[in-house]
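**Q** I'd like to ask some things about the structure below.
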Amino acid sequence: MIQILFPLILGEMVLILILVFKTPLRKLVIMGLDKLKRGQAPIVLKAVGSTLFVFMLSTLYTVMQIHNRRRNTTDDAAAAGDGGGGGGELLTPTDQILAARHLLEASLMGFSLFLALMIDRLHHYIRELRIRRKNMEAIRKQNRIIENGNNGSQDEVKALGSELSGLKEKVTNLESELEEMTKEASDAEAHATALKKQSEGFLLEYDRLVEDNQNLRARLQSLDRR
């Protein structure tokens with residue numbers, strides 16, 4: 001599972017970086033996401049996300065069972081008195097490795113779900129920005145037409161003037177909304193950078209767990225030989 005989750009997370013991080021920075025690839029990615037959200041694809045993606053979430057909860061439950069097994073062993077040793085030797089106070093090396101591996105898998109699954117949500121929100125905000133920019137361009141064109149070609153009666157001039165003031169107010173509102181959306185996009189970029197650093201920490205932790213696993217296997221083999 002870990003071998004699948006790491007490429008998945010790296011792919012999601014690459015998609016976030018492409019969506020955050022304005023590059024030629026962003027148009028292709030946005031077009032691909034637009035097509036992906038049509039038809040039956042959203043239902044399939046939701047089903048996959050729900051399955052991954054349930055599997056994450058199951059993995060966390062397994063970790064809890066390992067720790068509960070340690071507690072039960074400790075309680076049995078305490079009930080047995082001094083003859084128990086305190087053998088249940090610590091997890092066995094195998095249990096430690098299993099607990100750490102399951103915890104890492106659950107963390108990676110939660111991280112991948114969070115990145116998927118980030119991709120969905122970034123795509124939504126970028127589409128909203130494009131729609132609002134198109135509306136602003138249309139309003140500005142109408143303003144230019146109104147300002148350049150008003151030769152009618154006074155009533156028409158007054159009506160067009162009131163319409164012009166309303167359009168200007170809309171432009172102001174749209175500009176403020178555009179600034180807010182730009183700020184949210186910058187915040188999302190900063191959050192994506194933080195998530196990248198956290199993923200590097202997960203990679204280092206995975207390498208450490210693999211090294212500990214190898215050392216424990218060597219110790220177990222030496223014990224078997226003895």
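Identifiers in this document derive from the order of the structure tokens: chains are assigned A, B, ..., residues are numbered from 1 separately in each chain, and ligands are numbered from 1 in order of occurrence.
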With only C-alpha atoms as the counted atoms, please give the residues lying no more than 12 Å from Thr59 in chain A, apart from itself and same-chain residues fewer than 2 positions off, as a list in words.
**A**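 Counting only C-alpha atoms, the residues come to Met1, Leu52, Phe53, Val54, Phe55, Met56, Leu57, Tyr61, Thr62, Val63, Met64, Gln65, Ile66, Leu98, Ala99, Ala100, Arg101, His102, Leu103, Leu104, Glu105, Ala106, Ser107, Leu108, Met109 and Gly110 of chain A.
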**Q** So, counting only C-alpha atoms, which residue among A:Glu156, A:Gln198, A:Val210, A:His124 is closest to Lys37 in chain A?
**A**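 Under the stated criterion, the closest residue is A:His124.
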